[in-house]
$ cat coords.txt   # compact mmCIF, N, CA and C atoms and all ligand atoms
# COMPACT_ATOMS: atom_id res chain seq x y z
N MET A 1 -26.77 50.76 -201.01
CA MET A 1 -26.84 49.36 -200.58
C MET A 1 -25.97 48.50 -201.50
N SER A 2 -25.19 47.61 -200.90
CA SER A 2 -24.32 46.77 -201.72
C SER A 2 -25.14 45.67 -202.41
N PRO A 3 -24.60 45.19 -203.53
CA PRO A 3 -25.32 44.12 -204.25
C PRO A 3 -25.55 42.89 -203.37
N GLN A 4 -24.58 42.60 -202.46
CA GLN A 4 -24.78 41.42 -201.60
C GLN A 4 -26.01 41.60 -200.70
N ILE A 5 -26.14 42.83 -200.16
CA ILE A 5 -27.30 43.07 -199.28
C ILE A 5 -28.59 42.95 -200.06
N ILE A 6 -28.59 43.54 -201.26
CA ILE A 6 -29.80 43.44 -202.09
C ILE A 6 -30.11 41.98 -202.39
N ALA A 7 -29.07 41.21 -202.70
CA ALA A 7 -29.29 39.80 -203.01
C ALA A 7 -29.86 39.06 -201.80
N SER A 8 -29.33 39.37 -200.61
CA SER A 8 -29.86 38.60 -199.47
C SER A 8 -31.26 39.06 -199.10
N LEU A 9 -31.57 40.34 -199.32
CA LEU A 9 -32.95 40.78 -199.09
C LEU A 9 -33.91 40.05 -200.03
N CYS A 10 -33.49 39.90 -201.29
CA CYS A 10 -34.33 39.18 -202.25
C CYS A 10 -34.55 37.75 -201.78
N ALA A 11 -33.49 37.12 -201.27
CA ALA A 11 -33.61 35.74 -200.80
C ALA A 11 -34.62 35.67 -199.67
N VAL A 12 -34.58 36.64 -198.76
CA VAL A 12 -35.52 36.64 -197.63
C VAL A 12 -36.95 36.79 -198.13
N VAL A 13 -37.15 37.73 -199.07
CA VAL A 13 -38.49 37.96 -199.58
C VAL A 13 -39.01 36.70 -200.29
N LEU A 14 -38.15 36.06 -201.09
CA LEU A 14 -38.56 34.84 -201.78
C LEU A 14 -38.94 33.76 -200.79
N CYS A 15 -38.13 33.65 -199.74
CA CYS A 15 -38.37 32.61 -198.75
C CYS A 15 -39.70 32.87 -198.05
N LEU A 16 -39.95 34.14 -197.67
CA LEU A 16 -41.20 34.47 -196.98
C LEU A 16 -42.40 34.16 -197.85
N SER A 17 -42.31 34.50 -199.16
CA SER A 17 -43.49 34.25 -199.99
C SER A 17 -43.68 32.75 -200.19
N ALA A 18 -42.57 31.99 -200.24
CA ALA A 18 -42.71 30.54 -200.35
C ALA A 18 -43.38 29.98 -199.10
N CYS A 19 -42.99 30.51 -197.93
CA CYS A 19 -43.59 30.01 -196.69
C CYS A 19 -45.07 30.34 -196.65
N ALA A 20 -45.44 31.56 -197.05
CA ALA A 20 -46.84 31.96 -197.04
C ALA A 20 -47.62 31.05 -197.97
N ALA A 21 -47.04 30.70 -199.12
CA ALA A 21 -47.74 29.85 -200.09
C ALA A 21 -47.98 28.46 -199.50
N THR A 22 -46.96 27.90 -198.82
CA THR A 22 -47.15 26.54 -198.31
C THR A 22 -48.22 26.49 -197.23
N SER A 23 -48.38 27.57 -196.43
CA SER A 23 -49.35 27.47 -195.35
C SER A 23 -50.79 27.52 -195.86
N ASN A 24 -50.98 27.72 -197.18
CA ASN A 24 -52.34 27.67 -197.72
C ASN A 24 -52.70 26.29 -198.26
N ARG A 25 -51.75 25.34 -198.20
CA ARG A 25 -52.07 24.00 -198.69
C ARG A 25 -53.09 23.34 -197.77
N PRO A 26 -54.01 22.53 -198.34
CA PRO A 26 -55.08 21.93 -197.54
C PRO A 26 -54.56 21.12 -196.35
N GLU A 27 -53.45 20.36 -196.52
CA GLU A 27 -52.98 19.54 -195.40
C GLU A 27 -52.50 20.42 -194.26
N ASP A 28 -51.97 21.62 -194.59
CA ASP A 28 -51.55 22.54 -193.54
C ASP A 28 -52.77 23.12 -192.83
N ALA A 29 -53.83 23.38 -193.59
CA ALA A 29 -55.04 23.92 -192.98
C ALA A 29 -55.60 22.90 -192.00
N SER A 30 -55.56 21.62 -192.34
CA SER A 30 -56.15 20.65 -191.43
C SER A 30 -55.26 20.46 -190.21
N LYS A 31 -53.93 20.57 -190.40
CA LYS A 31 -53.03 20.53 -189.25
C LYS A 31 -53.31 21.72 -188.33
N ARG A 32 -53.53 22.88 -188.96
CA ARG A 32 -53.80 24.08 -188.16
C ARG A 32 -55.11 23.91 -187.41
N GLY A 33 -56.10 23.32 -188.08
CA GLY A 33 -57.38 23.08 -187.42
C GLY A 33 -57.21 22.21 -186.18
N ARG A 34 -56.35 21.19 -186.31
CA ARG A 34 -56.13 20.28 -185.18
C ARG A 34 -55.42 21.01 -184.04
N LEU A 35 -54.48 21.85 -184.41
CA LEU A 35 -53.74 22.61 -183.40
C LEU A 35 -54.67 23.57 -182.65
N ILE A 36 -55.54 24.23 -183.42
CA ILE A 36 -56.49 25.17 -182.80
C ILE A 36 -57.43 24.40 -181.87
N TYR A 37 -57.89 23.24 -182.34
CA TYR A 37 -58.76 22.42 -181.49
C TYR A 37 -58.05 22.08 -180.18
N ALA A 38 -56.78 21.65 -180.31
CA ALA A 38 -56.03 21.23 -179.12
C ALA A 38 -55.89 22.38 -178.13
N LYS A 39 -55.70 23.60 -178.63
CA LYS A 39 -55.50 24.75 -177.75
C LYS A 39 -56.80 25.27 -177.17
N GLU A 40 -57.88 25.27 -177.96
CA GLU A 40 -59.08 26.01 -177.57
C GLU A 40 -60.21 25.12 -177.05
N CYS A 41 -60.24 23.87 -177.45
CA CYS A 41 -61.43 23.06 -177.21
C CYS A 41 -61.15 21.78 -176.43
N ALA A 42 -59.94 21.22 -176.59
CA ALA A 42 -59.67 19.87 -176.07
C ALA A 42 -59.79 19.79 -174.55
N GLN A 43 -59.48 20.89 -173.85
CA GLN A 43 -59.53 20.82 -172.39
C GLN A 43 -60.95 20.52 -171.91
N CYS A 44 -61.96 20.86 -172.69
CA CYS A 44 -63.34 20.57 -172.30
C CYS A 44 -63.94 19.43 -173.13
N HIS A 45 -63.67 19.42 -174.42
CA HIS A 45 -64.33 18.42 -175.28
C HIS A 45 -63.47 17.17 -175.48
N GLY A 46 -62.33 17.08 -174.80
CA GLY A 46 -61.50 15.88 -174.88
C GLY A 46 -60.49 15.97 -176.00
N LEU A 47 -59.35 15.32 -175.80
CA LEU A 47 -58.26 15.37 -176.79
C LEU A 47 -58.73 14.89 -178.15
N ALA A 48 -59.58 13.86 -178.16
CA ALA A 48 -60.05 13.30 -179.43
C ALA A 48 -61.51 13.66 -179.68
N GLY A 49 -62.01 14.67 -178.97
CA GLY A 49 -63.40 15.10 -179.18
C GLY A 49 -64.41 14.21 -178.49
N GLU A 50 -63.93 13.39 -177.51
CA GLU A 50 -64.83 12.41 -176.88
C GLU A 50 -65.71 13.02 -175.79
N GLY A 51 -65.47 14.29 -175.44
CA GLY A 51 -66.32 14.98 -174.46
C GLY A 51 -65.86 14.78 -173.03
N GLY A 52 -66.48 15.57 -172.11
CA GLY A 52 -66.22 15.39 -170.69
C GLY A 52 -64.81 15.73 -170.23
N GLY A 53 -64.12 16.65 -170.93
CA GLY A 53 -62.77 17.04 -170.53
C GLY A 53 -62.77 17.74 -169.18
N PRO A 54 -61.63 17.71 -168.46
CA PRO A 54 -61.56 18.20 -167.08
C PRO A 54 -62.01 19.65 -166.91
N ALA A 55 -61.72 20.54 -167.87
CA ALA A 55 -62.05 21.95 -167.67
C ALA A 55 -63.55 22.21 -167.79
N SER A 56 -64.33 21.23 -168.23
CA SER A 56 -65.77 21.46 -168.39
C SER A 56 -66.55 21.01 -167.16
N LEU A 57 -65.86 20.52 -166.15
CA LEU A 57 -66.56 19.86 -165.06
C LEU A 57 -66.89 20.79 -163.90
N GLY A 58 -66.59 22.09 -164.04
CA GLY A 58 -66.90 23.02 -162.97
C GLY A 58 -68.36 23.41 -162.95
N LEU A 59 -68.71 24.39 -163.75
CA LEU A 59 -70.09 24.87 -163.84
C LEU A 59 -70.92 23.98 -164.75
N GLY A 60 -72.19 23.85 -164.47
CA GLY A 60 -73.09 23.17 -165.40
C GLY A 60 -72.67 21.75 -165.70
N GLY A 61 -73.16 21.21 -166.82
CA GLY A 61 -72.87 19.82 -167.16
C GLY A 61 -71.56 19.69 -167.89
N PRO A 62 -71.08 18.45 -168.04
CA PRO A 62 -69.83 18.20 -168.78
C PRO A 62 -70.00 18.53 -170.25
N ALA A 63 -68.91 18.84 -170.94
CA ALA A 63 -68.98 19.17 -172.36
C ALA A 63 -69.34 17.92 -173.16
N PRO A 64 -70.27 18.06 -174.09
CA PRO A 64 -70.66 16.90 -174.92
C PRO A 64 -69.52 16.50 -175.86
N ASP A 65 -69.57 15.27 -176.37
CA ASP A 65 -68.56 14.88 -177.36
C ASP A 65 -68.81 15.65 -178.65
N LEU A 66 -67.74 15.84 -179.44
CA LEU A 66 -67.89 16.54 -180.73
C LEU A 66 -67.67 15.59 -181.90
N VAL A 67 -67.43 14.30 -181.62
CA VAL A 67 -67.25 13.35 -182.73
C VAL A 67 -68.60 12.80 -183.20
N GLY A 68 -69.64 13.03 -182.39
CA GLY A 68 -70.95 12.49 -182.75
C GLY A 68 -71.90 13.56 -183.28
N LEU A 69 -71.35 14.72 -183.65
CA LEU A 69 -72.22 15.82 -184.13
C LEU A 69 -72.99 15.39 -185.37
N SER A 70 -72.32 14.72 -186.31
CA SER A 70 -72.99 14.28 -187.53
C SER A 70 -74.05 13.23 -187.21
N GLN A 71 -73.64 12.25 -186.35
CA GLN A 71 -74.57 11.19 -185.99
C GLN A 71 -75.86 11.76 -185.40
N ARG A 72 -75.70 12.80 -184.57
CA ARG A 72 -76.88 13.40 -183.94
C ARG A 72 -77.65 14.29 -184.91
N ASN A 73 -77.14 14.44 -186.13
CA ASN A 73 -77.77 15.32 -187.11
C ASN A 73 -78.04 14.58 -188.42
N ASP A 74 -78.60 13.38 -188.30
CA ASP A 74 -78.97 12.57 -189.47
C ASP A 74 -77.81 12.32 -190.43
N GLY A 75 -76.59 12.23 -189.89
CA GLY A 75 -75.46 11.86 -190.73
C GLY A 75 -74.76 13.03 -191.44
N PHE A 76 -75.23 14.25 -191.21
CA PHE A 76 -74.58 15.40 -191.85
C PHE A 76 -73.88 16.26 -190.81
N PHE A 77 -72.66 16.68 -191.13
CA PHE A 77 -71.95 17.55 -190.20
C PHE A 77 -72.64 18.92 -190.16
N PRO A 78 -73.14 19.33 -188.98
CA PRO A 78 -73.92 20.58 -188.89
C PRO A 78 -73.02 21.81 -188.81
N ARG A 79 -72.32 22.10 -189.91
CA ARG A 79 -71.30 23.15 -189.93
C ARG A 79 -71.83 24.51 -189.47
N GLU A 80 -73.01 24.86 -189.98
CA GLU A 80 -73.60 26.15 -189.65
C GLU A 80 -73.94 26.23 -188.15
N PHE A 81 -74.52 25.15 -187.64
CA PHE A 81 -74.85 25.11 -186.21
C PHE A 81 -73.57 25.27 -185.37
N VAL A 82 -72.55 24.50 -185.70
CA VAL A 82 -71.30 24.53 -184.92
C VAL A 82 -70.73 25.93 -184.96
N SER A 83 -70.70 26.51 -186.15
CA SER A 83 -70.14 27.83 -186.31
C SER A 83 -70.88 28.86 -185.45
N ARG A 84 -72.21 28.80 -185.48
CA ARG A 84 -72.97 29.76 -184.67
C ARG A 84 -72.86 29.49 -183.18
N PHE A 85 -72.86 28.19 -182.83
CA PHE A 85 -72.77 27.86 -181.41
C PHE A 85 -71.45 28.35 -180.84
N VAL A 86 -70.37 28.09 -181.57
CA VAL A 86 -69.04 28.44 -181.07
C VAL A 86 -68.89 29.97 -180.99
N MET A 87 -69.50 30.67 -181.92
CA MET A 87 -69.42 32.14 -181.90
C MET A 87 -70.39 32.75 -180.90
N GLY A 88 -71.22 31.92 -180.28
CA GLY A 88 -72.09 32.42 -179.22
C GLY A 88 -73.37 33.06 -179.70
N SER A 89 -73.75 32.82 -180.97
CA SER A 89 -74.99 33.44 -181.43
C SER A 89 -76.18 32.49 -181.27
N LEU A 90 -75.95 31.30 -180.71
CA LEU A 90 -77.07 30.39 -180.40
C LEU A 90 -77.16 30.24 -178.88
N GLU A 91 -78.39 30.12 -178.37
CA GLU A 91 -78.59 29.89 -176.94
C GLU A 91 -77.98 28.55 -176.56
N LYS A 92 -77.33 28.51 -175.40
CA LYS A 92 -76.90 27.21 -174.88
C LYS A 92 -78.10 26.52 -174.25
N ASP A 93 -78.07 25.17 -174.21
CA ASP A 93 -79.11 24.43 -173.50
C ASP A 93 -79.04 24.77 -172.02
N ASP A 94 -77.82 24.89 -171.55
CA ASP A 94 -77.58 25.11 -170.13
C ASP A 94 -76.88 26.47 -169.98
N PRO A 95 -77.61 27.47 -169.46
CA PRO A 95 -77.05 28.83 -169.39
C PRO A 95 -75.80 28.93 -168.51
N ASP A 96 -75.62 27.95 -167.59
CA ASP A 96 -74.44 27.97 -166.73
C ASP A 96 -73.27 27.20 -167.33
N ALA A 97 -73.46 26.62 -168.52
CA ALA A 97 -72.40 25.78 -169.11
C ALA A 97 -71.14 26.60 -169.31
N ALA A 98 -70.01 25.91 -169.21
CA ALA A 98 -68.71 26.58 -169.28
C ALA A 98 -68.31 26.97 -170.71
N MET A 99 -69.07 26.55 -171.69
CA MET A 99 -68.70 26.81 -173.09
C MET A 99 -68.51 28.30 -173.35
N PRO A 100 -67.29 28.72 -173.73
CA PRO A 100 -67.03 30.15 -173.96
C PRO A 100 -67.70 30.66 -175.24
N GLU A 101 -67.88 31.97 -175.32
CA GLU A 101 -68.34 32.58 -176.57
C GLU A 101 -67.11 33.11 -177.27
N PHE A 102 -66.70 32.42 -178.33
CA PHE A 102 -65.42 32.76 -178.95
C PHE A 102 -65.46 34.08 -179.70
N ALA A 103 -66.66 34.51 -180.11
CA ALA A 103 -66.73 35.81 -180.78
C ALA A 103 -66.31 36.91 -179.81
N LYS A 104 -66.58 36.69 -178.51
CA LYS A 104 -66.20 37.70 -177.50
C LYS A 104 -64.76 37.53 -177.06
N GLN A 105 -64.37 36.29 -176.78
CA GLN A 105 -63.03 36.11 -176.20
C GLN A 105 -61.95 35.88 -177.24
N GLY A 106 -62.34 35.56 -178.47
CA GLY A 106 -61.36 35.34 -179.53
C GLY A 106 -60.63 34.03 -179.38
N LEU A 107 -59.85 33.68 -180.38
CA LEU A 107 -58.97 32.52 -180.29
C LEU A 107 -57.65 33.04 -179.75
N ARG A 108 -56.91 32.18 -179.05
CA ARG A 108 -55.73 32.70 -178.37
C ARG A 108 -54.52 32.89 -179.28
N HIS A 109 -54.55 32.28 -180.45
CA HIS A 109 -53.47 32.50 -181.42
C HIS A 109 -52.09 32.27 -180.84
N VAL A 110 -51.93 31.15 -180.17
CA VAL A 110 -50.60 30.81 -179.70
C VAL A 110 -49.89 29.97 -180.76
N TYR A 111 -50.55 29.82 -181.93
CA TYR A 111 -49.99 29.04 -183.02
C TYR A 111 -49.56 30.00 -184.13
N PRO A 112 -48.75 29.53 -185.07
CA PRO A 112 -48.27 30.41 -186.14
C PRO A 112 -49.43 30.93 -187.00
N ASP A 113 -49.25 32.02 -187.67
CA ASP A 113 -50.24 32.58 -188.59
C ASP A 113 -51.45 33.19 -187.89
N GLY A 114 -51.45 33.28 -186.57
CA GLY A 114 -52.63 33.79 -185.88
C GLY A 114 -52.73 35.30 -185.96
N GLY A 115 -53.91 35.81 -185.63
CA GLY A 115 -54.10 37.26 -185.57
C GLY A 115 -53.80 37.74 -184.16
N ALA A 116 -54.17 38.97 -183.87
CA ALA A 116 -53.97 39.51 -182.53
C ALA A 116 -54.99 38.86 -181.58
N ASP A 117 -54.74 38.95 -180.28
CA ASP A 117 -55.68 38.41 -179.30
C ASP A 117 -57.05 39.03 -179.48
N GLY A 118 -58.08 38.25 -179.19
CA GLY A 118 -59.42 38.79 -179.27
C GLY A 118 -59.97 38.82 -180.68
N GLU A 119 -59.23 38.25 -181.62
CA GLU A 119 -59.65 38.27 -183.01
C GLU A 119 -59.86 36.82 -183.43
N VAL A 120 -60.88 36.56 -184.21
CA VAL A 120 -61.04 35.22 -184.77
C VAL A 120 -60.87 35.34 -186.27
N LEU A 121 -59.77 34.81 -186.79
CA LEU A 121 -59.53 34.90 -188.23
C LEU A 121 -60.40 33.90 -188.96
N GLU A 122 -61.02 34.36 -190.02
CA GLU A 122 -61.88 33.52 -190.85
C GLU A 122 -61.17 32.21 -191.24
N ALA A 123 -59.91 32.34 -191.69
CA ALA A 123 -59.18 31.15 -192.15
C ALA A 123 -58.96 30.16 -191.01
N ASP A 124 -58.66 30.68 -189.82
CA ASP A 124 -58.47 29.80 -188.66
C ASP A 124 -59.77 29.09 -188.32
N PHE A 125 -60.85 29.83 -188.35
CA PHE A 125 -62.12 29.26 -187.95
C PHE A 125 -62.56 28.19 -188.96
N GLU A 126 -62.36 28.47 -190.25
CA GLU A 126 -62.68 27.47 -191.27
C GLU A 126 -61.83 26.22 -191.08
N ALA A 127 -60.54 26.41 -190.75
CA ALA A 127 -59.66 25.25 -190.53
C ALA A 127 -60.15 24.43 -189.34
N LEU A 128 -60.62 25.11 -188.31
CA LEU A 128 -61.16 24.42 -187.14
C LEU A 128 -62.41 23.62 -187.52
N LEU A 129 -63.32 24.23 -188.28
CA LEU A 129 -64.54 23.54 -188.70
C LEU A 129 -64.20 22.34 -189.59
N ASP A 130 -63.21 22.51 -190.49
CA ASP A 130 -62.78 21.39 -191.34
C ASP A 130 -62.27 20.25 -190.48
N TYR A 131 -61.47 20.61 -189.48
CA TYR A 131 -60.93 19.57 -188.62
C TYR A 131 -62.06 18.83 -187.91
N LEU A 132 -63.03 19.57 -187.36
CA LEU A 132 -64.15 18.93 -186.66
C LEU A 132 -64.92 18.02 -187.61
N ALA A 133 -65.13 18.48 -188.84
CA ALA A 133 -65.85 17.65 -189.83
C ALA A 133 -65.08 16.36 -190.07
N SER A 134 -63.73 16.44 -190.01
CA SER A 134 -62.91 15.27 -190.34
C SER A 134 -62.85 14.24 -189.22
N ILE A 135 -63.25 14.60 -187.99
CA ILE A 135 -63.17 13.62 -186.89
C ILE A 135 -64.52 13.01 -186.56
N GLN A 136 -65.53 13.21 -187.41
CA GLN A 136 -66.86 12.65 -187.10
C GLN A 136 -66.84 11.13 -187.18
N ASN A 137 -67.58 10.48 -186.28
CA ASN A 137 -67.69 9.01 -186.29
C ASN A 137 -68.33 8.50 -187.57
C1 LIG B 201 -64.49 25.70 -170.82
C2 LIG B 201 -65.04 24.52 -171.46
C3 LIG B 201 -65.31 24.53 -172.95
C4 LIG B 201 -64.47 24.95 -173.96
C5 LIG B 201 -63.06 25.53 -173.85
C6 LIG B 201 -65.17 24.68 -175.21
N1 LIG B 201 -66.42 24.15 -174.95
FE1 LIG B 201 -67.81 23.62 -176.31
N2 LIG B 201 -69.13 23.15 -174.82
C7 LIG B 201 -68.84 23.17 -173.47
C8 LIG B 201 -70.04 22.81 -172.71
C9 LIG B 201 -70.16 22.71 -171.20
C10 LIG B 201 -71.07 22.57 -173.67
C11 LIG B 201 -72.55 22.22 -173.42
C12 LIG B 201 -73.34 23.53 -173.49
C13 LIG B 201 -74.82 23.35 -173.40
O1 LIG B 201 -75.31 22.27 -173.74
O2 LIG B 201 -75.50 24.33 -173.04
C14 LIG B 201 -70.44 22.79 -174.99
C15 LIG B 201 -71.11 22.64 -176.19
C16 LIG B 201 -70.51 22.71 -177.44
C17 LIG B 201 -71.19 22.44 -178.70
C18 LIG B 201 -72.64 21.99 -178.88
C19 LIG B 201 -72.61 20.49 -178.95
C20 LIG B 201 -73.98 19.86 -179.10
O3 LIG B 201 -74.01 18.66 -179.46
O4 LIG B 201 -75.00 20.52 -178.86
C21 LIG B 201 -70.27 22.62 -179.69
C22 LIG B 201 -70.49 22.45 -181.19
C23 LIG B 201 -69.03 23.03 -179.06
N3 LIG B 201 -69.22 23.07 -177.69
C24 LIG B 201 -67.86 23.30 -179.74
C25 LIG B 201 -66.70 23.79 -179.15
C26 LIG B 201 -65.51 24.16 -179.89
C27 LIG B 201 -65.34 24.00 -181.39
C28 LIG B 201 -64.62 24.65 -178.98
C29 LIG B 201 -63.25 25.24 -179.24
C30 LIG B 201 -63.17 26.33 -180.18
C31 LIG B 201 -65.25 24.55 -177.66
N4 LIG B 201 -66.51 24.04 -177.81
C32 LIG B 201 -64.65 24.94 -176.46
C33 LIG B 201 -67.64 23.51 -172.89
C34 LIG B 201 -66.53 24.03 -173.58

$ encode --input "coords.txt" --output "structure tokens"
Amino acid sequence: MSPQIIASLCAVVLCLSACAATSNRPEDASKRGRLIYAKECAQCHGLAGEGGGPASLGLGGPAPDLVGLSQRNDGFFPREFVSRFVMGSLEKDDPDAAMPEFAKQGLRHVYPDGGADGEVLEADFEALLDYLASIQN
């Protein structure tokens, strides 16, 4: 291998590790959370979490708003509840509700840094929960 090729390989490796490092910054995590929300939840829970999105209006009742989760829980964001509800380990109030079980169907990962289909990456899910916590009224 010529020195030029080795040098450019090094540049690529350096660049990749720099990119990986930046995607762990908190502001990137919250951007990723917003992106995941927009892809996976907004069609039912509304672009801004206001509830009643068009895709939730088929079966069962409309999707509730997600900006009032804290308000409905004595002012604390119910992170554990949200996490279990979204993963499908809590009973829905309405068994016919359109709310998917994400542990079964996975996140779609149409955004950068995602895993394979049908997989829910811990980091993605935490970013989503952080984003939801940040939009509470
Ligand atoms: C296809 C429509 C649909 C999608 C997509 C969807 N939801 Fe829902 N969601 C619902 C419906 C309908 C309910 C009400 C279920 C019930 O009360 O039984 C609900 C309920 C919830 C609740 C419980 C709210 C409460 O106050 O009790 C949470 C939390 C929630 N969804 C979060 C999410 C998150 C986060 C996402 C994205 C990862 C998401 N949902 C995607 C339709 C959807």

$ residues_near_ligand --input "coords.txt" --ligand "ligand LIG 201 (chain B)" --cutoff "8 Å" --atoms "all atoms listed in the file" --output "PyMOL selection string"
chain A and resi 36-45+53-66+68-69+72+81-87+91-102+107+128-129+132

$ atom_distance --input "coords.txt" --atom1 "atom C of Pro78 in chain A" --atom2 "atom N of Ala133 in chain A"
8.6 Å

$ atom_distance --input "coords.txt" --atom1 "atom N of Arg34 in chain A" --atom2 "atom C of Gly49 in chain A"
13.2 Å

$ atom_distance --input "coords.txt" --atom1 "CA of Val120 in chain A" --atom2 "atom N of Ala103 in chain A"
7.3 Å

$ closest_residue --input "coords.txt" --among "A:Val67, A:Glu119, A:Glu50, A:Asn73" --to "Ser134 in chain A" --atoms "only N, CA and C atoms"
A:Val67

$ axis_aligned_box --input "coords.txt" --around "range 54-59 of chain A" --padding-each-side "6 Å" --output "lines of an AutoDock Vina configuration file"
center_x = -66.2
center_y = 21.3
center_z = -165.7
size_x = 21.4
size_y = 19.2
size_z = 17.5

$ select_by_dssp --input "coords.txt" --residues "range 72-129 of chain A" --states "helix (DSSP H, G or I)" --output "number ranges by chain"
A: 72-73, 79-87, 102-105, 122-129
